[in-house]
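Shown next: target.pdb, given as PDB, C-alpha atoms, pLDDT in the B column.
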```pdb
MODEL        1
ATOM      1  CA  MET C 793    -159.888   4.107 -44.421  1.00 81.00           C
ATOM      2  CA  TYR C 794    -159.179   4.311 -48.167  1.00 84.00           C
ATOM      3  CA  GLY C 795    -162.879   3.939 -49.072  1.00 85.00           C
ATOM      4  CA  ILE C 796    -163.939   6.754 -46.745  1.00 89.00           C
ATOM      5  CA  LEU C 797    -161.184   9.062 -47.975  1.00 89.00           C
ATOM      6  CA  ILE C 798    -161.971   8.511 -51.648  1.00 88.00           C
ATOM      7  CA  LYS C 799    -165.702   9.177 -51.075  1.00 88.00           C
ATOM      8  CA  PHE C 800    -164.885  12.345 -49.119  1.00 89.00           C
ATOM      9  CA  HIS C 801    -162.484  13.455 -51.861  1.00 89.00           C
ATOM     10  CA  ASN C 802    -165.115  12.829 -54.563  1.00 87.00           C
ATOM     11  CA  VAL C 803    -167.863  14.705 -52.707  1.00 88.00           C
ATOM     12  CA  PHE C 804    -165.601  17.644 -51.982  1.00 88.00           C
ATOM     13  CA  ALA C 805    -164.504  17.783 -55.625  1.00 90.00           C
ATOM     14  CA  TRP C 806    -168.114  18.548 -56.558  1.00 90.00           C
ATOM     15  CA  LEU C 807    -168.382  21.019 -53.681  1.00 93.00           C
ATOM     16  CA  VAL C 808    -165.253  22.852 -54.863  1.00 94.00           C
ATOM     17  CA  LEU C 809    -166.545  23.007 -58.437  1.00 94.00           C
ATOM     18  CA  ALA C 810    -170.018  24.197 -57.425  1.00 95.00           C
ATOM     19  CA  THR C 811    -168.670  26.811 -55.014  1.00 97.00           C
ATOM     20  CA  GLY C 812    -166.148  28.036 -57.573  1.00 97.00           C
ATOM     21  CA  LEU C 813    -168.834  28.412 -60.236  1.00 96.00           C
ATOM     22  CA  PHE C 814    -171.041  30.228 -57.729  1.00 96.00           C
ATOM     23  CA  VAL C 815    -168.204  32.671 -56.935  1.00 97.00           C
ATOM     24  CA  ILE C 816    -167.643  33.298 -60.650  1.00 97.00           C
ATOM     25  CA  VAL C 817    -171.342  34.023 -61.228  1.00 95.00           C
ATOM     26  CA  LYS C 818    -171.387  36.346 -58.191  1.00 95.00           C
ATOM     27  CA  ALA C 819    -168.254  38.133 -59.419  1.00 95.00           C
ATOM     28  CA  LEU C 820    -169.861  38.708 -62.807  1.00 94.00           C
ATOM     29  CA  THR C 821    -173.231  39.855 -61.459  1.00 93.00           C
ATOM     30  CA  ALA C 822    -172.425  41.665 -58.213  1.00 87.00           C
ATOM     31  CA  LYS C 823    -169.450  43.853 -59.132  1.00 83.00           C
ATOM     32  CA  ALA C 824    -170.914  47.059 -57.758  1.00 83.00           C
ATOM     33  CA  THR C 825    -172.530  45.452 -54.735  1.00 89.00           C
ATOM     34  CA  TRP C 826    -169.778  43.008 -53.710  1.00 91.00           C
ATOM     35  CA  GLY C 827    -169.829  42.773 -49.937  1.00 91.00           C
ATOM     36  CA  PRO C 828    -168.952  40.556 -46.995  1.00 91.00           C
ATOM     37  CA  GLY C 829    -171.463  37.895 -48.067  1.00 92.00           C
ATOM     38  CA  GLU C 830    -169.793  37.431 -51.426  1.00 92.00           C
ATOM     39  CA  SER C 831    -166.326  37.490 -49.877  1.00 94.00           C
ATOM     40  CA  SER C 832    -167.392  34.738 -47.499  1.00 95.00           C
ATOM     41  CA  TRP C 833    -167.958  32.483 -50.527  1.00 96.00           C
ATOM     42  CA  VAL C 834    -164.372  33.065 -51.617  1.00 97.00           C
ATOM     43  CA  ARG C 835    -163.237  32.019 -48.121  1.00 97.00           C
ATOM     44  CA  ARG C 836    -165.481  28.934 -48.305  1.00 96.00           C
ATOM     45  CA  LEU C 837    -163.933  27.965 -51.622  1.00 97.00           C
ATOM     46  CA  THR C 838    -160.485  28.347 -50.083  1.00 97.00           C
ATOM     47  CA  MET C 839    -161.497  26.202 -47.116  1.00 96.00           C
ATOM     48  CA  PHE C 840    -162.920  23.510 -49.417  1.00 96.00           C
ATOM     49  CA  VAL C 841    -159.770  23.334 -51.556  1.00 96.00           C
ATOM     50  CA  HIS C 842    -157.655  23.071 -48.421  1.00 96.00           C
ATOM     51  CA  LEU C 843    -159.823  20.187 -47.187  1.00 94.00           C
ATOM     52  CA  GLN C 844    -159.413  18.603 -50.629  1.00 93.00           C
ATOM     53  CA  LEU C 845    -155.649  18.967 -50.290  1.00 93.00           C
ATOM     54  CA  VAL C 846    -155.635  17.232 -46.905  1.00 94.00           C
ATOM     55  CA  ALA C 847    -157.805  14.381 -48.202  1.00 93.00           C
ATOM     56  CA  GLY C 848    -155.711  14.125 -51.363  1.00 92.00           C
ATOM     57  CA  LEU C 849    -152.465  13.965 -49.427  1.00 92.00           C
ATOM     58  CA  ALA C 850    -153.910  11.273 -47.189  1.00 93.00           C
ATOM     59  CA  LEU C 851    -155.005   9.346 -50.286  1.00 91.00           C
ATOM     60  CA  TRP C 852    -151.548   9.740 -51.793  1.00 88.00           C
ATOM     61  CA  PHE C 853    -150.180   7.796 -48.814  1.00 90.00           C
ATOM     62  CA  VAL C 854    -152.924   5.184 -48.312  1.00 91.00           C
ATOM     63  CA  SER C 855    -153.951   4.375 -51.887  1.00 88.00           C
ATOM     64  CA  PRO C 856    -152.658   0.942 -52.864  1.00 88.00           C
ATOM     65  CA  THR C 857    -152.317   2.018 -56.499  1.00 86.00           C
ATOM     66  CA  VAL C 858    -150.310   5.117 -55.632  1.00 85.00           C
ATOM     67  CA  ALA C 859    -148.152   3.229 -53.115  1.00 86.00           C
ATOM     68  CA  GLN C 860    -147.255   0.663 -55.755  1.00 88.00           C
ATOM     69  CA  ALA C 861    -146.576   3.383 -58.339  1.00 86.00           C
ATOM     70  CA  ARG C 862    -144.368   5.323 -55.909  1.00 85.00           C
ATOM     71  CA  SER C 863    -142.269   2.223 -55.290  1.00 87.00           C
ATOM     72  CA  ALA C 864    -141.263   2.183 -58.974  1.00 88.00           C
ATOM     73  CA  MET C 865    -141.161   5.837 -60.011  1.00 87.00           C
ATOM     74  CA  GLY C 866    -139.108   5.130 -63.134  1.00 90.00           C
ATOM     75  CA  ALA C 867    -141.855   2.938 -64.538  1.00 89.00           C
ATOM     76  CA  THR C 868    -144.543   5.290 -63.237  1.00 88.00           C
ATOM     77  CA  MET C 869    -143.084   8.240 -65.131  1.00 91.00           C
ATOM     78  CA  LYS C 870    -143.244   6.225 -68.367  1.00 91.00           C
ATOM     79  CA  ASP C 871    -146.914   5.320 -67.848  1.00 87.00           C
ATOM     80  CA  ALA C 872    -149.081   8.353 -68.691  1.00 86.00           C
ATOM     81  CA  ALA C 873    -152.066   7.229 -66.584  1.00 84.00           C
ATOM     82  CA  LEU C 874    -150.006   6.505 -63.477  1.00 85.00           C
ATOM     83  CA  ARG C 875    -147.907   9.652 -63.911  1.00 87.00           C
ATOM     84  CA  ARG C 876    -151.121  11.673 -64.068  1.00 87.00           C
ATOM     85  CA  VAL C 877    -152.398  10.223 -60.770  1.00 85.00           C
ATOM     86  CA  VAL C 878    -149.116  10.180 -58.861  1.00 88.00           C
ATOM     87  CA  VAL C 879    -147.398  13.353 -60.095  1.00 88.00           C
ATOM     88  CA  GLU C 880    -149.480  15.655 -62.294  1.00 90.00           C
ATOM     89  CA  HIS C 881    -152.746  15.567 -60.318  1.00 90.00           C
ATOM     90  CA  PRO C 882    -151.154  16.401 -56.936  1.00 92.00           C
ATOM     91  CA  THR C 883    -148.858  19.053 -58.413  1.00 93.00           C
ATOM     92  CA  LEU C 884    -151.595  20.983 -60.205  1.00 94.00           C
ATOM     93  CA  MET C 885    -153.939  20.615 -57.252  1.00 94.00           C
ATOM     94  CA  VAL C 886    -151.332  22.160 -54.937  1.00 95.00           C
ATOM     95  CA  LEU C 887    -151.086  25.029 -57.432  1.00 96.00           C
ATOM     96  CA  ALA C 888    -154.899  25.339 -57.349  1.00 96.00           C
ATOM     97  CA  VAL C 889    -154.780  25.552 -53.537  1.00 97.00           C
ATOM     98  CA  ILE C 890    -152.137  28.279 -53.776  1.00 97.00           C
ATOM     99  CA  ALA C 891    -154.265  30.164 -56.323  1.00 97.00           C
ATOM    100  CA  ALA C 892    -157.343  29.935 -54.083  1.00 97.00           C
ATOM    101  CA  THR C 893    -155.391  31.115 -51.045  1.00 97.00           C
ATOM    102  CA  VAL C 894    -153.833  34.062 -52.888  1.00 98.00           C
ATOM    103  CA  THR C 895    -157.260  34.944 -54.296  1.00 97.00           C
ATOM    104  CA  SER C 896    -158.806  34.964 -50.840  1.00 97.00           C
ATOM    105  CA  VAL C 897    -156.115  37.304 -49.525  1.00 97.00           C
ATOM    106  CA  MET C 898    -156.347  39.599 -52.550  1.00 97.00           C
ATOM    107  CA  VAL C 899    -160.138  39.816 -52.283  1.00 96.00           C
ATOM    108  CA  ARG C 900    -159.887  40.607 -48.584  1.00 96.00           C
ATOM    109  CA  LYS C 901    -157.347  43.385 -49.189  1.00 96.00           C
ATOM    110  CA  ALA C 902    -158.943  44.917 -52.292  1.00 94.00           C
ATOM    111  CA  PRO C 903    -160.051  48.510 -51.721  1.00 93.00           C
ATOM    112  CA  SER C 904    -163.415  48.513 -53.542  1.00 93.00           C
ATOM    113  CA  SER C 905    -166.326  46.271 -54.443  1.00 93.00           C
ATOM    114  CA  GLU C 906    -165.320  46.301 -58.099  1.00 94.00           C
ATOM    115  CA  ALA C 907    -161.728  45.350 -57.275  1.00 94.00           C
ATOM    116  CA  LYS C 908    -162.889  42.555 -54.954  1.00 95.00           C
ATOM    117  CA  ALA C 909    -165.207  41.142 -57.622  1.00 95.00           C
ATOM    118  CA  SER C 910    -162.534  41.397 -60.300  1.00 96.00           C
ATOM    119  CA  LYS C 911    -159.920  39.628 -58.168  1.00 97.00           C
ATOM    120  CA  ALA C 912    -162.449  36.971 -57.162  1.00 97.00           C
ATOM    121  CA  LEU C 913    -163.342  36.363 -60.808  1.00 97.00           C
ATOM    122  CA  VAL C 914    -159.780  36.013 -62.078  1.00 97.00           C
ATOM    123  CA  GLY C 915    -158.445  34.080 -59.090  1.00 97.00           C
ATOM    124  CA  THR C 916    -161.359  31.665 -58.959  1.00 97.00           C
ATOM    125  CA  ALA C 917    -161.169  31.074 -62.707  1.00 97.00           C
ATOM    126  CA  ILE C 918    -157.468  30.226 -62.383  1.00 97.00           C
ATOM    127  CA  THR C 919    -158.196  27.934 -59.435  1.00 97.00           C
ATOM    128  CA  LEU C 920    -160.936  26.077 -61.314  1.00 96.00           C
ATOM    129  CA  LEU C 921    -158.900  25.814 -64.518  1.00 95.00           C
ATOM    130  CA  LEU C 922    -155.979  24.264 -62.637  1.00 95.00           C
ATOM    131  CA  ALA C 923    -158.296  21.833 -60.880  1.00 91.00           C
ATOM    132  CA  ALA C 924    -160.334  20.977 -63.971  1.00 90.00           C
ATOM    133  CA  ALA C 925    -157.180  20.239 -65.970  1.00 89.00           C
ATOM    134  CA  VAL C 926    -156.342  17.206 -63.830  1.00 85.00           C
ATOM    135  CA  ILE C 927    -159.635  16.062 -62.356  1.00 81.00           C
ATOM    136  CA  PRO C 928    -160.153  12.425 -63.327  1.00 78.00           C
ATOM    137  CA  TRP C 929    -163.572  13.218 -64.803  1.00 71.00           C
ATOM    138  CA  GLN C 930    -164.394   9.663 -65.878  1.00 73.00           C
ATOM    139  CA  ARG C 931    -163.865   8.399 -62.307  1.00 67.00           C
ATOM    140  CA  LEU C 932    -165.539  11.396 -60.642  1.00 61.00           C
ATOM    141  CA  VAL C 933    -168.677  11.150 -62.784  1.00 65.00           C
ATOM    142  CA  GLY C 934    -168.537   7.338 -62.682  1.00 62.00           C
ATOM    143  CA  SER C 935    -168.599   7.355 -58.880  1.00 57.00           C
ATOM    144  CA  TRP C 936    -172.041   9.021 -59.003  1.00 57.00           C
ATOM    145  CA  THR C 937    -173.475   6.952 -61.827  1.00 56.00           C
ATOM    146  CA  ALA C 938    -172.345   3.520 -60.611  1.00 54.00           C
TER     147      ALA C 938
ENDMDL
END
```

Is it possible to give me this structure as structure tokens?
Amino acid sequence: MYGILIKFHNVFAWLVLATGLFVIVKALTAKATWGPGESSWVRRLTMFVHLQLVAGLALWFVSPTVAQARSAMGATMKDAALRRVVVEHPTLMVLAVIAATVTSVMVRKAPSSEAKASKALVGTAITLLLAAAVIPWQRLVGSWTA
């Protein structure tokens, strides 16, 4: 179960990043022509980050490393690497999910193409910055190069 979840989580991390970058490029290049096709990419990004959240929460409960760290939170909070995995990563990722969800709603409700593109650009940038700040890059890249 753990092995499948971690692979899914790794693959979807790349999918979230690629989709987010695609939305940013679209927001920069299609301001005047932003339409339902572009908005659908914002919804896809939101769906992908929600799937990441579900997989991440499942991992938080089934990971042997996290389970051990949770059993001794005092020691975990003193260990920067464990604290990052057990506390900081999930917290900032939940904030990224909230940012993606708010962005999706704001894009949907924006009155014009320019406003939709602008909201998509800012909201997606915030989402990706939150995610990128706590992605374990060495493990994510290592999983593809091993």

Inset, instruction - Just give me the residues with any atom within 9 Å of (-160.0, 36.7, -52.6), file coordinates, counting only C-alpha atoms, written as a PyMOL selection string. - result: chain C and resi 831+834-835+838+892-902+908-909+911-913+915-916

Inset, instruction - Could you check which of C:Thr811, C:Gln844, C:Asn802, C:Ser832 is closest to C:Val886, using only C-alpha atoms? - result: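 Of C:Thr811, C:Gln844, C:Asn802, C:Ser832, the one nearest C:Val886, counting only C-alpha atoms, is C:Gln844.
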
Legend entry - Test item: residues at most 12 Å from C:Arg876, only C-alpha atoms, excluding those fewer than 4 positions along its chain, as a list in words: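 With the cut-off at 12 Å, the set is Val858, Ala861, Thr868, Met869, Lys870, Asp871, Ala872, Glu880, His881, Pro882, Thr883, Leu884, Met885, Ala925, Val926, Ile927 and Pro928 of chain C.
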
Draw an axis-aligned box over all listed atoms of stretch 916-924 of chain C, pad each side with 6 Å, and write its centre and edge lengths in Å, one decimal, as AutoDock Vina command-line options.
```
--center_x -158.7 --center_y 26.3 --center_z -61.7 --size_x 17.4 --size_y 22.7 --size_z 17.6
```

Legend entry - Point-to-point distance in Å for atom CA of C:Thr825 and atom CA of C:Ala891: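 These two atoms are separated by 23.9 Å.
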
Inset, instruction - Would you list the contacts of C:Ala824 as a list in words, taking every protein, DNA or RNA residue within 12 Å and counting only C-alpha atoms, but skipping same-chain residues closer than 6 positions in sequence? - result: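 Neighbouring residues, sequence-local ones excluded: Lys818, Glu830, Ser904, Ser905, Glu906, Ala907, Lys908, Ala909 and Ser910 of chain C.
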
Legend entry - Nearest-residue call for C:Ala888, choices C:Lys823, C:Leu813, C:Ala850, C:Phe840, using only C-alpha atoms: C:Phe840

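Near C:Ala847, within a cut-off of 12 Å and counting all atoms listed in the file, sit the residues Met793, Tyr794, Gly795, Ile796, Leu797, Ile798, Lys799, Phe800, His801, Asn802, Val803, Phe804, Ala805, Phe840, Val841, His842, Leu843, Gln844, Leu845, Leu849, Ala850, Leu851, Trp852, Phe853, Val854, Ser855, Pro882 and Met885 of chain C, with same-chain residues fewer than 2 positions away left out.
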
Legend entry - Shortest interatomic distance to C:Leu922 - which of C:Gly812, C:Leu807, C:Val878, C:Thr821, counting only C-alpha atoms: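 Ranked by minimum distance to C:Leu922, first place goes to C:Gly812.
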
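Comparing the minimum interatomic distances between C:Arg875 and each of C:Ala917, C:Pro828, C:Arg862, C:Ala819, counting all atoms listed in the file, we find that C:Arg862 sits nearest.
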
Inset, instruction - Work out how far apart atom CA of C:Arg836 and atom CA of C:Ala924 are and give it in Å to one decimal. - result: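 Between atom CA of C:Arg836 and atom CA of C:Ala924 the gap is 18.3 Å.
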
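Across C:Trp929, C:Val889, C:Trp833, C:Val846, the tightest approach to C:Ile816 is made by C:Trp833 when counting all atoms listed in the file.
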
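We find atom CA of C:Trp806 and atom CA of C:Ile890 to be spaced 18.9 Å apart.
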